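Structure file input-v7.txt; described as compact mmCIF, C-alpha atoms and all ligand atoms.
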```txt
# COMPACT_ATOMS: atom_id res chain seq x y z
CA MET E 1 -7.32 26.73 15.24
CA GLY E 2 -9.60 23.80 16.04
CA GLU E 3 -8.73 20.15 16.10
CA ALA E 4 -7.57 18.55 12.85
CA ALA E 5 -10.05 16.67 10.70
CA ARG E 6 -9.64 12.91 10.94
CA ILE E 7 -9.27 11.36 7.51
CA ASP E 8 -11.50 8.31 7.47
CA GLY E 9 -9.52 5.80 5.43
CA LYS E 10 -11.90 3.02 6.38
CA ALA E 11 -14.88 4.82 4.85
CA PHE E 12 -12.91 5.85 1.77
CA ALA E 13 -11.70 2.26 1.30
CA GLU E 14 -15.25 0.93 1.64
CA GLY E 15 -16.36 3.32 -1.09
CA LEU E 16 -13.51 2.21 -3.34
CA ARG E 17 -14.32 -1.45 -2.71
CA ALA E 18 -17.96 -0.83 -3.62
CA ARG E 19 -16.92 0.86 -6.88
CA VAL E 20 -14.57 -2.03 -7.65
CA ALA E 21 -17.41 -4.50 -6.96
CA ALA E 22 -19.72 -2.68 -9.39
CA HIS E 23 -17.03 -2.73 -12.10
CA ALA E 24 -16.20 -6.38 -11.37
CA ALA E 25 -19.84 -7.33 -11.90
CA ALA E 26 -19.90 -5.45 -15.21
CA PHE E 27 -16.62 -7.15 -16.19
CA ARG E 28 -18.15 -10.54 -15.50
CA GLN E 29 -21.18 -9.68 -17.62
CA ALA E 30 -18.95 -8.56 -20.47
CA THR E 31 -16.45 -11.43 -20.40
CA GLY E 32 -18.22 -14.34 -18.73
CA ARG E 33 -15.61 -14.57 -15.95
CA ALA E 34 -14.70 -12.72 -12.77
CA PRO E 35 -11.41 -10.82 -12.45
CA GLY E 36 -8.96 -13.15 -10.69
CA LEU E 37 -6.25 -12.62 -8.08
CA ALA E 38 -3.77 -15.35 -7.13
CA VAL E 39 -2.18 -14.96 -3.71
CA VAL E 40 0.83 -17.08 -2.84
CA LEU E 41 1.79 -17.61 0.79
CA VAL E 42 4.91 -19.57 1.68
CA GLY E 43 5.38 -20.68 5.27
CA GLU E 44 3.55 -20.01 8.51
CA ASP E 45 4.27 -16.34 9.28
CA GLU E 46 1.38 -15.30 11.51
CA ALA E 47 0.92 -11.73 10.25
CA SER E 48 1.15 -12.93 6.63
CA GLN E 49 -1.58 -15.50 7.25
CA VAL E 50 -3.85 -12.75 8.59
CA TYR E 51 -3.13 -10.51 5.57
CA VAL E 52 -3.70 -13.32 3.07
CA GLY E 53 -6.98 -14.26 4.75
CA ALA E 54 -8.13 -10.63 4.66
CA LYS E 55 -7.19 -10.29 0.98
CA GLY E 56 -9.13 -13.44 0.09
CA ARG E 57 -12.26 -12.24 1.90
CA ALA E 58 -12.01 -8.78 0.34
CA CYS E 59 -11.76 -10.35 -3.14
CA THR E 60 -14.82 -12.52 -2.61
CA GLU E 61 -16.83 -9.54 -1.32
CA ALA E 62 -15.90 -7.52 -4.39
CA GLY E 63 -16.74 -10.30 -6.86
CA ILE E 64 -13.09 -11.04 -7.64
CA ALA E 65 -12.07 -14.70 -7.84
CA SER E 66 -9.39 -15.46 -5.25
CA PHE E 67 -6.93 -18.28 -5.90
CA GLU E 68 -4.96 -19.02 -2.74
CA HIS E 69 -1.78 -21.05 -2.85
CA ARG E 70 -0.43 -21.90 0.59
CA LEU E 71 2.92 -23.63 0.40
CA PRO E 72 5.05 -25.12 3.18
CA ALA E 73 8.06 -23.19 4.49
CA GLU E 74 10.38 -25.84 2.98
CA THR E 75 9.22 -25.00 -0.57
CA SER E 76 12.22 -24.73 -2.89
CA ALA E 77 12.93 -21.74 -5.09
CA ALA E 78 12.38 -23.95 -8.16
CA GLU E 79 8.93 -25.04 -6.94
CA LEU E 80 7.91 -21.47 -6.19
CA LEU E 81 9.12 -20.22 -9.57
CA THR E 82 7.26 -23.06 -11.31
CA LEU E 83 4.05 -21.97 -9.59
CA VAL E 84 4.61 -18.33 -10.57
CA GLU E 85 5.20 -19.39 -14.19
CA ARG E 86 1.98 -21.38 -14.15
CA LEU E 87 0.05 -18.41 -12.76
CA ASN E 88 1.63 -16.15 -15.41
CA ARG E 89 0.12 -18.39 -18.10
CA ASP E 90 -3.26 -18.96 -16.39
CA PRO E 91 -5.95 -16.98 -18.25
CA GLU E 92 -8.20 -16.89 -15.16
CA VAL E 93 -5.49 -15.09 -13.17
CA ASP E 94 -5.21 -11.33 -13.76
CA GLY E 95 -3.13 -10.45 -10.71
CA ILE E 96 -0.41 -12.33 -8.83
CA LEU E 97 0.71 -11.43 -5.36
CA VAL E 98 3.46 -13.24 -3.49
CA GLN E 99 3.07 -12.40 0.18
CA LEU E 100 6.28 -11.05 1.70
CA PRO E 101 8.41 -11.73 3.64
CA LEU E 102 9.38 -15.09 2.17
CA PRO E 103 11.06 -17.64 4.47
CA ALA E 104 14.84 -17.29 4.73
CA GLY E 105 16.59 -18.92 1.81
CA LEU E 106 14.09 -17.79 -0.82
CA ASP E 107 15.23 -14.80 -2.87
CA GLU E 108 12.36 -12.28 -2.87
CA GLN E 109 13.77 -10.25 -5.74
CA ALA E 110 14.11 -13.34 -7.94
CA VAL E 111 10.51 -14.34 -7.24
CA ILE E 112 9.14 -10.86 -7.92
CA ALA E 113 11.20 -10.71 -11.12
CA ALA E 114 9.51 -13.93 -12.29
CA ILE E 115 6.01 -12.41 -12.10
CA ASP E 116 4.60 -11.16 -15.40
CA PRO E 117 4.81 -7.35 -14.93
CA ASP E 118 1.29 -7.04 -16.34
CA LYS E 119 0.01 -9.28 -13.52
CA ASP E 120 2.17 -7.60 -10.85
CA VAL E 121 -0.70 -5.91 -9.00
CA ASP E 122 1.58 -5.15 -6.04
CA GLY E 123 3.71 -2.98 -8.32
CA PHE E 124 6.97 -4.40 -6.94
CA HIS E 125 8.49 -5.63 -10.23
CA VAL E 126 11.39 -3.50 -11.48
CA ILE E 127 9.51 -2.98 -14.74
CA ASN E 128 6.65 -1.35 -12.83
CA ALA E 129 9.05 0.64 -10.63
CA GLY E 130 10.68 1.82 -13.87
CA ARG E 131 7.36 2.67 -15.46
CA LEU E 132 6.48 4.81 -12.45
CA ALA E 133 9.90 6.48 -12.55
CA VAL E 134 9.52 7.51 -16.20
CA GLY E 135 5.84 8.36 -16.03
CA GLN E 136 4.44 5.38 -17.97
CA ARG E 137 1.26 3.65 -16.98
CA GLY E 138 1.94 0.55 -14.86
CA PHE E 139 1.07 -0.92 -11.49
CA VAL E 140 1.85 1.29 -8.52
CA PRO E 141 2.35 -0.19 -5.02
CA CYS E 142 -0.97 -0.24 -3.19
CA THR E 143 -0.10 1.64 0.00
CA PRO E 144 1.36 4.81 -1.57
CA LEU E 145 -1.36 4.88 -4.24
CA GLY E 146 -3.92 4.68 -1.44
CA CYS E 147 -2.18 7.58 0.34
CA LEU E 148 -2.32 9.66 -2.85
CA MET E 149 -6.03 8.96 -3.18
CA LEU E 150 -6.66 10.13 0.40
CA LEU E 151 -4.59 13.28 -0.19
CA GLN E 152 -6.36 14.18 -3.43
CA ASP E 153 -9.73 13.51 -1.86
CA ARG E 154 -8.85 15.86 1.00
CA LEU E 155 -6.87 18.56 -0.80
CA GLY E 156 -7.95 18.35 -4.45
CA ASP E 157 -5.15 19.57 -6.71
CA LEU E 158 -1.73 19.07 -5.07
CA ALA E 159 0.14 21.33 -7.52
CA GLY E 160 2.73 23.54 -5.87
CA LEU E 161 2.27 22.13 -2.38
CA GLU E 162 5.36 21.29 -0.32
CA ALA E 163 5.39 17.58 0.50
CA VAL E 164 7.77 15.72 2.79
CA VAL E 165 7.86 11.94 2.64
CA ILE E 166 9.73 10.34 5.54
CA GLY E 167 11.08 6.91 4.62
CA ARG E 168 12.56 5.76 1.29
CA SER E 169 11.58 2.11 1.02
CA ASN E 170 10.79 0.70 -2.41
CA ILE E 171 7.34 -0.28 -1.18
CA VAL E 172 6.17 3.01 0.32
CA GLY E 173 8.50 6.02 0.49
CA LYS E 174 10.05 6.05 -2.99
CA PRO E 175 6.87 5.40 -4.97
CA MET E 176 5.05 7.92 -2.74
CA ALA E 177 7.60 10.60 -3.60
CA GLN E 178 7.22 9.80 -7.30
CA LEU E 179 3.43 9.92 -7.18
CA LEU E 180 3.53 13.29 -5.41
CA THR E 181 6.05 14.58 -7.94
CA ASP E 182 3.75 13.47 -10.78
CA ALA E 183 0.92 15.29 -9.01
CA ASN E 184 3.08 18.46 -9.18
CA ALA E 185 3.88 18.74 -5.49
CA THR E 186 7.38 19.90 -4.52
CA VAL E 187 8.76 16.84 -2.83
CA THR E 188 11.45 16.21 -0.22
CA LEU E 189 12.29 12.57 0.48
CA ALA E 190 13.64 12.30 4.02
CA HIS E 191 15.29 9.27 5.64
CA SER E 192 17.51 8.23 8.53
CA ARG E 193 20.39 10.44 7.35
CA THR E 194 18.28 13.56 6.94
CA ARG E 195 19.57 16.45 9.03
CA ASN E 196 17.13 18.55 11.06
CA LEU E 197 14.14 16.38 10.24
CA ALA E 198 11.85 18.46 12.44
CA GLU E 199 12.74 21.55 10.46
CA VAL E 200 12.27 19.76 7.13
CA VAL E 201 8.85 18.52 8.21
CA GLY E 202 7.97 22.02 9.39
CA ARG E 203 8.03 23.30 5.78
CA ALA E 204 5.52 20.78 4.54
CA ASP E 205 1.89 21.23 3.55
CA ILE E 206 1.79 17.43 3.18
CA VAL E 207 3.62 15.02 5.48
CA VAL E 208 3.70 11.31 4.72
CA ALA E 209 5.37 9.30 7.49
CA ALA E 210 6.49 5.78 6.53
CA VAL E 211 9.25 4.99 8.98
CA GLY E 212 8.22 2.25 11.39
CA ARG E 213 9.10 4.19 14.55
CA PRO E 214 6.27 4.67 17.03
CA GLU E 215 5.15 8.32 17.33
CA MET E 216 8.46 9.66 16.03
CA VAL E 217 6.94 12.71 14.33
CA ARG E 218 5.97 15.15 17.09
CA GLY E 219 3.16 17.66 16.99
CA ASP E 220 5.50 20.64 17.22
CA TRP E 221 7.31 19.54 14.02
CA ILE E 222 4.16 20.01 11.97
CA LYS E 223 3.24 23.19 10.13
CA PRO E 224 -0.16 24.42 11.30
CA GLY E 225 -2.87 23.25 8.93
CA ALA E 226 -0.73 20.59 7.20
CA CYS E 227 -2.24 17.34 5.95
CA VAL E 228 -0.59 14.37 7.67
CA ILE E 229 -0.69 10.82 6.32
CA ASP E 230 0.58 8.27 8.82
CA VAL E 231 1.59 5.00 7.15
CA GLY E 232 3.29 3.53 10.20
CA ILE E 233 1.86 0.53 11.99
CA ASN E 234 3.71 -0.08 15.25
CA ARG E 235 2.65 -2.24 18.14
CA LEU E 236 3.67 -0.91 21.55
CA PRO E 237 4.71 -3.34 24.30
CA PRO E 238 1.80 -4.96 26.15
CA THR E 239 0.38 -3.24 29.22
CA GLU E 240 -2.08 -4.49 31.81
CA ASP E 241 -5.11 -2.91 30.16
CA ARG E 242 -3.78 -3.59 26.61
CA PRO E 243 -2.39 -7.15 26.78
CA LYS E 244 -1.83 -7.21 23.01
CA GLY E 245 -0.12 -3.79 23.01
CA ARG E 246 -1.58 -0.60 21.53
CA LEU E 247 -1.25 0.05 17.81
CA VAL E 248 0.26 3.45 16.99
CA GLY E 249 1.53 5.19 13.88
CA ASP E 250 4.77 7.02 13.17
CA VAL E 251 3.12 10.30 14.21
CA ALA E 252 2.28 11.34 17.79
CA PHE E 253 -1.42 11.46 16.98
CA ALA E 254 -2.79 13.39 19.97
CA GLU E 255 -0.16 16.11 19.56
CA ALA E 256 -0.57 16.31 15.78
CA LEU E 257 -4.33 16.60 16.13
CA GLU E 258 -3.80 19.99 17.80
CA VAL E 259 -1.74 21.39 14.92
CA ALA E 260 -2.53 19.64 11.65
CA GLY E 261 -5.39 20.50 9.32
CA ALA E 262 -6.16 16.83 8.70
CA ILE E 263 -4.61 13.54 9.76
CA THR E 264 -5.10 9.81 9.25
CA PRO E 265 -5.60 7.83 12.46
CA VAL E 266 -3.88 4.50 13.17
CA PRO E 267 -5.70 2.18 12.85
CA GLY E 268 -8.43 3.20 10.41
CA GLY E 269 -6.43 5.54 8.15
CA VAL E 270 -4.01 4.25 5.55
CA GLY E 271 -4.27 0.57 6.58
CA PRO E 272 -7.68 -0.17 5.01
CA MET E 273 -6.64 1.53 1.77
CA THR E 274 -3.96 -1.03 0.94
CA ILE E 275 -6.33 -3.95 0.26
CA ALA E 276 -8.88 -1.71 -1.47
CA VAL E 277 -6.19 -0.52 -3.90
CA LEU E 278 -5.06 -4.13 -4.43
CA LEU E 279 -8.60 -4.93 -5.59
CA ARG E 280 -8.55 -1.85 -7.79
CA ASN E 281 -5.24 -2.87 -9.37
CA THR E 282 -6.58 -6.39 -10.00
CA LEU E 283 -9.64 -4.95 -11.73
CA VAL E 284 -7.44 -2.74 -13.90
CA ALA E 285 -5.27 -5.77 -14.78
CA ALA E 286 -8.35 -7.78 -15.72
CA HIS E 287 -9.58 -5.06 -18.09
CA ALA E 288 -6.18 -4.84 -19.75
CA HIS E 289 -5.99 -8.64 -20.20
CA ALA E 290 -9.48 -8.72 -21.68
CA GLY E 291 -8.63 -5.87 -24.05
CA LEU E 292 -11.23 -3.61 -22.43
CA ASP E 293 -10.80 0.09 -21.66
CA ALA E 294 -9.57 0.83 -18.13
CA PRO E 295 -12.47 1.20 -15.69
CA GLU E 296 -13.24 4.83 -14.87
CA GLY E 297 -13.96 6.59 -11.61
CA LEU E 298 -11.66 4.56 -9.41
P1 LIG E 301 11.28 0.22 5.90
O1 LIG E 301 11.83 -0.28 7.19
O2 LIG E 301 11.55 -0.52 4.65
O3 LIG E 301 11.78 1.73 5.68
C1 LIG E 301 11.80 2.65 6.73
C2 LIG E 301 12.36 3.96 6.25
O4 LIG E 301 12.36 4.85 7.35
C3 LIG E 301 13.80 3.87 5.73
O5 LIG E 301 13.92 4.57 4.51
C4 LIG E 301 14.61 4.52 6.83
O6 LIG E 301 15.72 5.28 6.37
C5 LIG E 301 13.61 5.49 7.42
N1 LIG E 301 13.96 5.82 8.80
C6 LIG E 301 14.29 4.97 9.80
N2 LIG E 301 14.58 5.65 10.93
C7 LIG E 301 14.44 6.95 10.63
C8 LIG E 301 14.62 8.15 11.37
N3 LIG E 301 15.00 8.13 12.64
N4 LIG E 301 14.39 9.32 10.73
C9 LIG E 301 14.01 9.35 9.44
N5 LIG E 301 13.82 8.25 8.70
C10 LIG E 301 14.05 7.07 9.28
O7 LIG E 301 9.72 0.41 6.16
P2 LIG E 301 8.44 0.39 5.17
O8 LIG E 301 8.53 1.54 4.22
O9 LIG E 301 8.21 -0.97 4.64
O10 LIG E 301 7.29 0.67 6.24
C11 LIG E 301 7.25 1.87 7.01
C12 LIG E 301 6.10 1.76 8.00
O11 LIG E 301 4.88 1.65 7.30
C13 LIG E 301 6.13 0.56 8.93
O12 LIG E 301 5.59 0.94 10.19
C14 LIG E 301 5.19 -0.44 8.28
O13 LIG E 301 4.60 -1.30 9.21
C15 LIG E 301 4.17 0.51 7.70
N6 LIG E 301 3.47 -0.03 6.53
C16 LIG E 301 2.12 0.07 6.51
C17 LIG E 301 1.40 -0.38 5.43
C18 LIG E 301 -0.08 -0.22 5.45
O14 LIG E 301 -0.79 -0.96 4.82
N7 LIG E 301 -0.62 0.77 6.13
C19 LIG E 301 2.04 -1.03 4.30
C20 LIG E 301 3.49 -1.00 4.35
C21 LIG E 301 4.16 -0.53 5.46
P3 LIG E 301 17.04 4.61 5.68
O15 LIG E 301 16.58 4.27 4.27
O16 LIG E 301 18.03 5.67 5.72
O17 LIG E 301 17.35 3.39 6.48
```

Just give me the structure of the file as C-alpha cells.
Amino acid sequence: MGEAARIDGKAFAEGLRARVAAHAAAFRQATGRAPGLAVVLVGEDEASQVYVGAKGRACTEAGIASFEHRLPAETSAAELLTLVERLNRDPEVDGILVQLPLPAGLDEQAVIAAIDPDKDVDGFHVINAGRLAVGQRGFVPCTPLGCLMLLQDRLGDLAGLEAVVIGRSNIVGKPMAQLLTDANATVTLAHSRTRNLAEVVGRADIVVAAVGRPEMVRGDWIKPGACVIDVGINRLPPTEDRPKGRLVGDVAFAEALEVAGAITPVPGGVGPMTIAVLLRNTLVAAHAHAGLDAPEGL
C-alpha cells in the first residue's frame, strides 16, 4: 500500500469560509445588516489573545461583523454576566463566544449558562449539548463538527463504519462520538481508563484522536487503510533548530502515514476547520434570528 493521503484541512476550511462569505453577503442584501459575532476575552492569556485576534480577522474577511470585548483579568463575575446579558439582547449580535479559559475565580459553567442558547455558536451550553444528545437541531462545537465535515468529504457515507474516538471531553470527544453515531457509524469512545487502547484502535475504520498527548497513537495501532483525524495540538520542548518547539498531534504522523488510508497533518488539518465552522455557525444563527431559512451547501 502507498502512503496515506494527506487531508488538507486548510484548503477545505478556505472553501468553507468562501461559501460562508457568499452567504453573508446575500444575508446583508436581504436584511440590511451583516451577521454579527461577539467575542469576549477576559484577561491576558497569550494563546487566547492569538485565537481572538484570528477569529476577528476571519470574521471581517467573511463579511461578518466582529464585536470584540476585551476585559481586564480583575473583571468580576457580575460584570461579565452583565455584558453577556447585554449581548443576548443586542439585535446586531447573532453569536456570542466567551474565550476559554477564564481567569481563576470566574466560573466558566455559570458564564456559558448565561449565554442565550440560540446565540451559543460554540455549542457549549447544556441546552445545545442536550439538543445534540437527543438529535435536535442546535449548535454543535466547532472542532468536532469540522472533523465530521472532513470525514464525510473524504469517505462519503459513514454508515456502518467502525469509529474510535479517543478522548471524552465535552468540547471534542463526546460531541464527536455523538455526531458519528448520528452519521450511523458504530462508535467506541475511548479514554484514559480504556484497556488495550491499541487493540481498540486497530478495529477502527475511522480514528479521531483528541487526547493532548504528543504522538501517543502509534502507526502499528492503526488498521491499514483507516482514516485518521488528529485533533491534538501539542508543542514539543524547544530544540536548537526549533527554538519555539515543534507542533505535533496526538498521532505519530510519519508512522501513521505508512499505514493509514488518509490522515490530517498537524498543523494544517483539523486546526483551520475550527474557526471556519465558527463562522458557519454564526451565519446559521443569523439566519435563524432573521427568520430566514438555514443557508444551504455549508
Ligand atoms: P481534554 O484534556 O479535555 O481531554 C483529553 C481526553 O483524553 C480525556 O477524555 C482523557 O481521558 C483522554 N486521555 C488522556 N490520556 C489518555 C490516554 N493515555 N489514553 C487514552 N485517553 C487519554 O482535552 P480536549 O478534548 O480539550 O483536547 C484534546 C486535544 O485536542 C488537545 O491537544 C487540544 O489542544 C486539542 N484541541 C484542538 C482543537 C483544534 O482546534 N484543533 C480544539 C480543541 C482541542 P479521561 O477523560 O479519562 O481523563

_Test item: residues no farther than 10 Å from ligand LIG 301 (chain E), counting only C-alpha atoms and all ligand atoms, as a ChimeraX atom specification_ = /E:51,141-144,146-147,165-174,189-198,209-214,216-217,230-235,248-250,266-275

Which residue, E:Leu102, E:Leu155, E:Leu148, E:Ala62, has the smallest gap to Ala18 in chain E when you use all atoms listed in the file?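 Of E:Leu102, E:Leu155, E:Leu148, E:Ala62, the one nearest Ala18 in chain E is E:Ala62, counting all atoms listed in the file.
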
Next item on the list: Kindly indicate which residue among E:Ala254, E:Thr188, E:Phe12, E:Ile115 lies nearest to Ile127 in chain E, using all atoms listed in the file for the distances.
Entry: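 For Ile127 in chain E, the nearest of the given residues is E:Ile115.
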
What separates CA of Ala133 in chain E and CA of Ile7 in chain E is a distance of 28.2 Å

Taking 3 positions as the minimum chain separation for residues in the same chain, which residues sit within 9 Å of Val20 in chain E when counting all atoms listed in the file? Answer as a PDB file with C-alpha atoms, in the frame of the given file.
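result.pdb written:
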```pdb
ATOM      1  CA  GLY E  15     -16.360   3.320  -1.090  1.00  0.00           C
ATOM      2  CA  LEU E  16     -13.510   2.210  -3.340  1.00  0.00           C
ATOM      3  CA  ARG E  17     -14.320  -1.450  -2.710  1.00  0.00           C
ATOM      4  CA  HIS E  23     -17.030  -2.730 -12.100  1.00  0.00           C
ATOM      5  CA  ALA E  24     -16.200  -6.380 -11.370  1.00  0.00           C
ATOM      6  CA  ALA E  25     -19.840  -7.330 -11.900  1.00  0.00           C
ATOM      7  CA  ALA E  62     -15.900  -7.520  -4.390  1.00  0.00           C
ATOM      8  CA  GLY E  63     -16.740 -10.300  -6.860  1.00  0.00           C
ATOM      9  CA  ALA E 276      -8.880  -1.710  -1.470  1.00  0.00           C
ATOM     10  CA  LEU E 279      -8.600  -4.930  -5.590  1.00  0.00           C
ATOM     11  CA  ARG E 280      -8.550  -1.850  -7.790  1.00  0.00           C
ATOM     12  CA  LEU E 283      -9.640  -4.950 -11.730  1.00  0.00           C
ATOM     13  CA  PRO E 295     -12.470   1.200 -15.690  1.00  0.00           C
ATOM     14  CA  LEU E 298     -11.660   4.560  -9.410  1.00  0.00           C
TER      15      LEU E 298
END
```

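You can rank E:Asp220, E:Glu3, E:Asp118, E:Asp153 by their closest distance to Phe139 in chain E using all atoms listed in the file, and at the top of that list sits E:Asp118.
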
Quiz item: When you draw a straight line from CA of Gly9 in chain E to CA of Ala262 in chain E, how long is it in Å?
Solution: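 CA of Ala262 in chain E lies at a distance of 12.0 Å from CA of Gly9 in chain E.
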
*So what do you get for CA of Pro91 in chain E versus CA of Gln29 in chain E, distance-wise?*
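If I compute the distance from CA of Pro91 in chain E to CA of Gln29 in chain E, I get 16.9 Å.
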
From the list E:Pro175, E:Gly291, E:Glu296, E:Pro103, the nearest residue to Ala22 in chain E using all atoms listed in the file is E:Glu296

Taking all heavy atoms as the atom set, what does range 237-246 of chain E look like once completed, written as a CSV table (one decimal), keeping the file's coordinate frame?
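Ended up saving to out-v7.csv:
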```
chain,number,residue,atom,x,y,z
E,237,PRO,N,4.7,-2.2,23.4
E,237,PRO,CA,4.7,-3.3,24.3
E,237,PRO,C,3.4,-3.5,25.1
E,237,PRO,O,2.7,-2.5,25.3
E,237,PRO,CB,5.9,-3.0,25.2
E,237,PRO,CG,6.6,-1.9,24.6
E,237,PRO,CD,5.7,-1.2,23.6
E,238,PRO,N,3.1,-4.7,25.4
E,238,PRO,CA,1.8,-5.0,26.2
E,238,PRO,C,1.8,-4.2,27.5
E,238,PRO,O,2.8,-4.1,28.1
E,238,PRO,CB,1.8,-6.5,26.3
E,238,PRO,CG,3.0,-7.0,25.8
E,238,PRO,CD,3.8,-5.9,25.2
E,239,THR,N,0.6,-3.8,27.9
E,239,THR,CA,0.4,-3.2,29.2
E,239,THR,C,-0.8,-4.0,29.9
E,239,THR,O,-1.4,-4.8,29.2
E,239,THR,CB,0.0,-1.8,29.2
E,239,THR,OG1,-1.2,-1.6,28.3
E,239,THR,CG2,1.1,-0.9,28.6
E,240,GLU,N,-1.1,-3.7,31.1
E,240,GLU,CA,-2.1,-4.5,31.8
E,240,GLU,C,-3.4,-4.4,31.1
E,240,GLU,O,-4.1,-5.3,30.9
E,240,GLU,CB,-2.1,-4.0,33.3
E,240,GLU,CG,-2.2,-5.2,34.2
E,240,GLU,CD,-1.9,-4.7,35.6
E,240,GLU,OE1,-2.9,-4.1,36.2
E,240,GLU,OE2,-0.8,-5.0,36.1
E,241,ASP,N,-3.8,-3.1,30.8
E,241,ASP,CA,-5.1,-2.9,30.2
E,241,ASP,C,-5.1,-3.2,28.7
E,241,ASP,O,-6.1,-3.3,28.0
E,241,ASP,CB,-5.7,-1.5,30.5
E,241,ASP,CG,-4.7,-0.4,30.2
E,241,ASP,OD1,-3.5,-0.7,30.3
E,241,ASP,OD2,-5.1,0.7,29.9
E,242,ARG,N,-3.9,-3.3,28.1
E,242,ARG,CA,-3.8,-3.6,26.6
E,242,ARG,C,-2.8,-4.8,26.5
E,242,ARG,O,-1.7,-4.6,26.1
E,242,ARG,CB,-3.2,-2.4,25.8
E,242,ARG,CG,-4.0,-1.2,25.9
E,242,ARG,CD,-5.0,-1.1,24.8
E,242,ARG,NE,-5.6,0.2,24.7
E,242,ARG,CZ,-6.1,0.7,23.6
E,242,ARG,NH1,-6.0,0.0,22.4
E,242,ARG,NH2,-6.6,1.9,23.5
E,243,PRO,N,-3.3,-6.0,26.8
E,243,PRO,CA,-2.4,-7.2,26.8
E,243,PRO,C,-1.8,-7.4,25.4
E,243,PRO,O,-0.7,-8.1,25.3
E,243,PRO,CB,-3.3,-8.3,27.2
E,243,PRO,CG,-4.7,-7.8,27.2
E,243,PRO,CD,-4.7,-6.3,27.2
E,244,LYS,N,-2.4,-7.0,24.3
E,244,LYS,CA,-1.8,-7.2,23.0
E,244,LYS,C,-0.9,-6.1,22.6
E,244,LYS,O,-0.3,-6.1,21.6
E,244,LYS,CB,-2.9,-7.3,22.0
E,244,LYS,CG,-3.5,-8.7,21.8
E,244,LYS,CD,-4.5,-8.7,20.7
E,244,LYS,CE,-4.9,-10.1,20.2
E,244,LYS,NZ,-5.9,-10.1,19.2
E,245,GLY,N,-0.9,-5.0,23.4
E,245,GLY,CA,-0.1,-3.8,23.0
E,245,GLY,C,-0.9,-2.9,22.1
E,245,GLY,O,-1.6,-3.4,21.2
E,246,ARG,N,-0.8,-1.6,22.3
E,246,ARG,CA,-1.6,-0.6,21.5
E,246,ARG,C,-0.9,-0.4,20.2
E,246,ARG,O,0.3,-0.5,20.1
E,246,ARG,CB,-1.6,0.7,22.3
E,246,ARG,CG,-2.6,1.7,21.8
E,246,ARG,CD,-2.9,2.7,22.9
E,246,ARG,NE,-1.7,3.5,23.3
E,246,ARG,CZ,-1.4,4.7,22.7
E,246,ARG,NH1,-2.1,5.2,21.8
E,246,ARG,NH2,-0.3,5.3,23.1
```
